[in-house]
Amino acid sequence: MSTPVAVIGAGPYGLSTAAHLRARGLTVRVFGQPMVSWQARMPAGMLLKSTPAASTIDTPEAGHTLGEFCAATGEGRYESDWDVIPVETFVRYGQWVQERLLPELERVRVVSVDRGPDGFELKLDSGEQAAARAVVVATGLTGIAYLPPELAAAVPEGPSATGPVSHSSQHRDLSELAGRDVIVVGAGQSALESAALLAEAGAASVRVVARGRAAVGFGAPPDRQPRLRPRTPFGNAWSLYALTYYAGAFRHLPVPARRFLVQRVLGPLGAWWLRDRFVGRVQVTEGTRIVRARIRDGRPVLALRGGEGTANGLGGEVTADHVLAATGYRMDLAALDFLGESLRTEIAVRAGGPLLDAGFGSSVPGLYFTGLPAAASFGPVMRFVCGTEFASPRLARAVARTYG
C-alpha cells in the first residue's frame, strides 16, 4: 500500500519536515538514523559555531526548543550568544525531538528511489519495498563531502581516516592522530576547530593551509557586534537579516548572484571563542594554492604556490604524516546515488543545486529537497539548523496541498 509521503533522512531538516507534515494530518514514513551526521561525522569535543538562537529545530508543537530540552533534561542552560553548545548536547537534543514527535521513525537506509505506478518506489536495506506518492530528500551532508581535485588525485582510492589523506567528516576521534604531524586544509570553522582539537589531542605539530586568497580569521564576540544593524542568529547585519528572514526572495535572483552568495556569505571564518585555543598553538600558511599533491614514502606532500612560508611567494612544499581536508561539502546530485539514474537526469539544476519552486518541489513532480540541497534556491540559511523555521512549514504546506 502506498503512503502519502516518505521522508529520507532524520537529521534536523528531516525531523522538522516530518513533524510539520504529520501536524497537517499526512501519513508519513521517515527513514534514517536520527542525527547520524552530527553523531558520526563530527569529532568528539567539537562545539557548535551557531548560537543557541540558531540551533533550535523548528516543530509545529510548542515545547521543543533547545532551551526547553535543556530544562527538561538538566543538560545545562544554553540561552545567550555567549553560550557555546557541545555537539554531543545537540545530538541528544535532536534525538529527544525524534523520540517525542516521531517515535515510529524507521532506522533503515533507503537504497534506491525510482518512479513507480503511484509515485515512487523505494527499496530499503531491510529488503522491504515501499511506495510513496511524494518523497522528501533530507539527507543532509551524507555523500557530498568535498575533496579538492589536487588532493583527490593523490589518493585515487579515496580519502580514508587511516590513510595519508582524509576528509574531516571521516573522523570521530581526532586523538587517533596524536603524535603525528598533521596538515589541515581549509580556513573555515571546521578546519580551525579541527586544528585546535588536534593540538589539544597531542598531535606532534599542526599546520593549517588556507587555500586560495583566504586568510584565517575569527568572528566578533557578541559585545562587539554592530549596534545599529538588525540582529540575526548569525550576527548583526542588513545582508544577514535579508538572507535569513526573506529567503523566499532569494530564488528570484540571477543564477550567478545566487551561486556567489551561497559560496561567500557566512563563509570561511572561525568562531570568536576559538581564537584563544588556536593562536599560538597552530601554524598557519595562508593565501596559498595547492597546485599538486602526492604521496612520497607513505607521507603526503603538498606543492603550494603563493603565500607566507613558500619560496619567494612563488612555490614550496610542505610534508606531513597526514593531511586532513576540512574542505566542506558541495551539492552533487550524482552523489545522491540512491536516486535512480533516470530520476536524477530529470531533475533540473541551477546554481549548483536542484531548481526548486516556492514549496521546495523539484522539476520532478512529487520529489522535494530540503536542507543543504535547497541552498541554491533559498540561500545560505539552508546550511544552518535555523533554516528549518523557514523551510519546513512551507514544504509541508505545499505537500499537503497536493497530497493531503
# chains A, B, ... in the order shown; residues from 1 in each chain; ligands from 1

call {"tool": "closest_atom_pairs", "arguments": {"of": "segment 180-298 of chain A", "to": "segment 68-92 of chain A", "cutoff": "10 Å", "atoms": "only C-alpha atoms", "output": "CSV"}}
result
residue,atom,partner,partner_atom,distance
A:Pro221,CA,A:Trp82,CA,8.0
A:Pro222,CA,A:Asp81,CA,6.3
A:Asp223,CA,A:Trp82,CA,9.2
A:Pro233,CA,A:Asp81,CA,8.7
A:Phe234,CA,A:Asp81,CA,9.8
A:Gly235,CA,A:Asp81,CA,9.6
A:Ala271,CA,A:Val84,CA,10.0
A:Trp272,CA,A:Trp82,CA,9.8
A:Trp273,CA,A:Val84,CA,8.4

call {"tool": "write_last_selection", "arguments": {"atoms": "N, CA and C atoms", "output": "mmCIF file, in the first residue's frame"}}
result
data_model
loop_
_atom_site.group_PDB
_atom_site.id
_atom_site.type_symbol
_atom_site.label_atom_id
_atom_site.label_comp_id
_atom_site.auth_asym_id
_atom_site.auth_seq_id
_atom_site.Cartn_x
_atom_site.Cartn_y
_atom_site.Cartn_z
ATOM 1 N N PRO A 221 33.013 38.785 18.934
ATOM 2 C CA PRO A 221 32.197 38.298 20.051
ATOM 3 C C PRO A 221 30.895 39.090 20.149
ATOM 4 N N PRO A 222 29.929 38.594 20.900
ATOM 5 C CA PRO A 222 28.607 39.235 20.958
ATOM 6 C C PRO A 222 28.643 40.710 21.334
ATOM 7 N N ASP A 223 29.553 41.105 22.223
ATOM 8 C CA ASP A 223 29.558 42.502 22.653
ATOM 9 C C ASP A 223 30.259 43.432 21.666
ATOM 10 N N PRO A 233 20.478 35.453 13.875
ATOM 11 C CA PRO A 233 21.189 34.376 14.567
ATOM 12 C C PRO A 233 22.672 34.301 14.207
ATOM 13 N N PHE A 234 23.085 34.996 13.131
ATOM 14 C CA PHE A 234 24.463 34.906 12.652
ATOM 15 C C PHE A 234 25.284 36.165 12.920
ATOM 16 N N GLY A 235 24.687 37.158 13.512
ATOM 17 C CA GLY A 235 25.361 38.429 13.739
ATOM 18 C C GLY A 235 24.477 39.566 13.285
ATOM 19 N N ALA A 271 34.857 30.794 14.781
ATOM 20 C CA ALA A 271 34.031 31.391 15.834
ATOM 21 C C ALA A 271 34.889 32.247 16.755
ATOM 22 N N TRP A 272 34.273 33.251 17.356
ATOM 23 C CA TRP A 272 35.017 34.172 18.216
ATOM 24 C C TRP A 272 35.668 33.448 19.381
ATOM 25 N N TRP A 273 35.025 32.411 19.900
ATOM 26 C CA TRP A 273 35.528 31.723 21.083
ATOM 27 C C TRP A 273 36.691 30.773 20.773
#

call {"tool": "residues_around", "arguments": {"residues": "segment 340-345 of chain A", "least_positions_apart": "2", "cutoff": "6 Å", "atoms": "only C-alpha atoms", "output": "list in words"}}
result
Val113, Asp114 and Ile347 of chain A

call {"tool": "write_last_selection", "arguments": {"atoms": "all heavy atoms", "output": "PDB file, in the first residue's frame"}}
result
ATOM      1  N   VAL A 113      15.525   4.934  -4.978  1.00  0.00           N
ATOM      2  CA  VAL A 113      14.234   5.575  -5.235  1.00  0.00           C
ATOM      3  C   VAL A 113      14.068   5.672  -6.745  1.00  0.00           C
ATOM      4  O   VAL A 113      14.927   6.221  -7.440  1.00  0.00           O
ATOM      5  CB  VAL A 113      14.144   6.986  -4.624  1.00  0.00           C
ATOM      6  CG1 VAL A 113      12.789   7.618  -4.927  1.00  0.00           C
ATOM      7  CG2 VAL A 113      14.400   6.960  -3.131  1.00  0.00           C
ATOM      8  N   ASP A 114      12.982   5.140  -7.247  1.00  0.00           N
ATOM      9  CA  ASP A 114      12.674   5.215  -8.676  1.00  0.00           C
ATOM     10  C   ASP A 114      11.190   5.497  -8.835  1.00  0.00           C
ATOM     11  O   ASP A 114      10.414   5.418  -7.875  1.00  0.00           O
ATOM     12  CB  ASP A 114      13.039   3.907  -9.380  1.00  0.00           C
ATOM     13  CG  ASP A 114      14.539   3.704  -9.472  1.00  0.00           C
ATOM     14  OD1 ASP A 114      15.183   4.446 -10.229  1.00  0.00           O
ATOM     15  OD2 ASP A 114      15.057   2.802  -8.777  1.00  0.00           O
ATOM     16  N   ILE A 347      15.977  15.887 -12.993  1.00  0.00           N
ATOM     17  CA  ILE A 347      15.999  16.982 -12.021  1.00  0.00           C
ATOM     18  C   ILE A 347      16.748  18.173 -12.608  1.00  0.00           C
ATOM     19  O   ILE A 347      17.946  18.094 -12.894  1.00  0.00           O
ATOM     20  CB  ILE A 347      16.667  16.535 -10.711  1.00  0.00           C
ATOM     21  CG1 ILE A 347      15.915  15.336 -10.119  1.00  0.00           C
ATOM     22  CG2 ILE A 347      16.720  17.685  -9.710  1.00  0.00           C
ATOM     23  CD1 ILE A 347      16.620  14.698  -8.939  1.00  0.00           C
TER      24      ILE A 347
END

call {"tool": "select_by_dssp", "arguments": {"residues": "segment 243-319 of chain A", "states": "strand (DSSP E or B)", "output": "NGL selection string"}}
result
:A and (270 or 283-296 or 299-305 or 311 or 315-319)

call {"tool": "residues_around", "arguments": {"residues": "Leu269 of chain A", "least_positions_apart": "2", "cutoff": "6 Å", "atoms": "only C-alpha atoms", "output": "PyMOL selection string"}}
result
chain A and resi 188-189+217-218

call {"tool": "closest_residue", "arguments": {"among": "A:Pro354, A:Gly9, A:Gly387, A:Gly280", "to": "Thr139 of chain A", "atoms": "only C-alpha atoms"}}
result
A:Gly9

call {"tool": "closest_residue", "arguments": {"among": "A:Ala320, A:Val30, A:Ala400, A:Ile295", "to": "Val155 of chain A", "atoms": "only C-alpha atoms"}}
result
A:Ile295

call {"tool": "closest_residue", "arguments": {"among": "A:Ala6, A:Leu302, A:Ala187, A:Leu274", "to": "Gly219 of chain A", "atoms": "only C-alpha atoms"}}
result
A:Leu274

call {"tool": "closest_residue", "arguments": {"among": "A:Ala204, A:Leu243, A:Ala10, A:Ala153", "to": "Val36 of chain A", "atoms": "only C-alpha atoms"}}
result
A:Ala10

call {"tool": "atom_distance", "arguments": {"atom1": "atom CA of Val135 of chain A", "atom2": "atom CA of Phe250 of chain A"}}
result
23.8 Å

call {"tool": "atom_distance", "arguments": {"atom1": "atom CA of Arg289 of chain A", "atom2": "atom CA of Arg211 of chain A"}}
result
5.1 Å

call {"tool": "closest_atom_pairs", "arguments": {"of": "segment 39-71 of chain A", "to": "segment 389-397 of chain A", "cutoff": "9 Å", "atoms": "only C-alpha atoms", "output": "Markdown table"}}
result
| residue | atom | partner | partner_atom | distance |
| --- | --- | --- | --- | --- |
| A:Thr56 | CA | A:Glu389 | CA | 8.7 |
| A:Ile57 | CA | A:Glu389 | CA | 7.5 |
| A:Asp58 | CA | A:Glu389 | CA | 5.1 |
| A:Thr59 | CA | A:Glu389 | CA | 8.0 |
| A:Pro60 | CA | A:Pro393 | CA | 8.1 |

call {"tool": "write_last_selection", "arguments": {"atoms": "C-alpha atoms", "output": "tab-separated table (two decimals), in the first residue's frame"}}
result
chain	number	residue	atom	x	y	z
A	56	THR	CA	16.57	25.08	17.55
A	57	ILE	CA	14.87	22.51	15.31
A	58	ASP	CA	11.57	24.03	14.21
A	59	THR	CA	8.48	22.00	15.12
A	60	PRO	CA	4.74	22.69	14.83

call {"tool": "residues_around", "arguments": {"residues": "Arg294 of chain A", "least_positions_apart": "4", "cutoff": "9 Å", "atoms": "only C-alpha atoms", "output": "VMD selection string"}}
result
chain A and resid 150 to 151 153 to 155 299 to 303

call {"tool": "residues_around", "arguments": {"residues": "Asp332 of chain A", "least_positions_apart": "2", "cutoff": "9 Å", "atoms": "only C-alpha atoms", "output": "list in words"}}
result
Gly143, Ile144, Arg330, Ala334, Ala335, Leu336, Gly352, Gly353 and Pro373 of chain A

call {"tool": "select_by_dssp", "arguments": {"residues": "segment 147-242 of chain A", "states": "helix (DSSP H, G or I)", "output": "MDAnalysis selection string"}}
result
chainID A and resid 149:154 168:170 174:177 189:200 222:224 238:242

call {"tool": "residues_around", "arguments": {"residues": "Leu15 of chain A", "least_positions_apart": "3", "cutoff": "8 Å", "atoms": "only C-alpha atoms", "output": "PDB file with N, CA and C atoms, in the first residue's frame"}}
result
ATOM      1  N   GLY A   9      15.912  10.716   5.601  1.00  0.00           N
ATOM      2  CA  GLY A   9      16.844  11.474   6.427  1.00  0.00           C
ATOM      3  C   GLY A   9      16.213  11.842   7.752  1.00  0.00           C
ATOM      4  N   ALA A  10      17.002  11.737   8.827  1.00  0.00           N
ATOM      5  CA  ALA A  10      16.477  12.001  10.165  1.00  0.00           C
ATOM      6  C   ALA A  10      17.392  12.933  10.940  1.00  0.00           C
ATOM      7  N   GLY A  11      17.987  13.889  10.217  1.00  0.00           N
ATOM      8  CA  GLY A  11      18.693  14.970  10.866  1.00  0.00           C
ATOM      9  C   GLY A  11      17.725  16.104  11.168  1.00  0.00           C
ATOM     10  N   PRO A  12      18.224  17.302  11.496  1.00  0.00           N
ATOM     11  CA  PRO A  12      17.321  18.404  11.844  1.00  0.00           C
ATOM     12  C   PRO A  12      16.261  18.696  10.785  1.00  0.00           C
ATOM     13  N   ALA A  18       9.179  16.203   8.753  1.00  0.00           N
ATOM     14  CA  ALA A  18       8.228  15.129   9.062  1.00  0.00           C
ATOM     15  C   ALA A  18       7.235  15.555  10.134  1.00  0.00           C
ATOM     16  N   ALA A  19       7.706  16.280  11.141  1.00  0.00           N
ATOM     17  CA  ALA A  19       6.810  16.745  12.201  1.00  0.00           C
ATOM     18  C   ALA A  19       5.755  17.694  11.646  1.00  0.00           C
ATOM     19  N   VAL A  97      13.911  15.262  20.305  1.00  0.00           N
ATOM     20  CA  VAL A  97      12.822  15.705  19.436  1.00  0.00           C
ATOM     21  C   VAL A  97      12.232  14.512  18.692  1.00  0.00           C
ATOM     22  N   GLN A  98      13.099  13.657  18.181  1.00  0.00           N
ATOM     23  CA  GLN A  98      12.622  12.481  17.444  1.00  0.00           C
ATOM     24  C   GLN A  98      11.785  11.565  18.331  1.00  0.00           C
ATOM     25  N   LEU A 102       8.387  11.795  16.690  1.00  0.00           N
ATOM     26  CA  LEU A 102       8.417  10.809  15.608  1.00  0.00           C
ATOM     27  C   LEU A 102       8.899   9.459  16.134  1.00  0.00           C
TER      28      LEU A 102
END

call {"tool": "atom_distance", "arguments": {"atom1": "atom CA of Thr142 of chain A", "atom2": "atom CA of Val108 of chain A"}}
result
14.5 Å
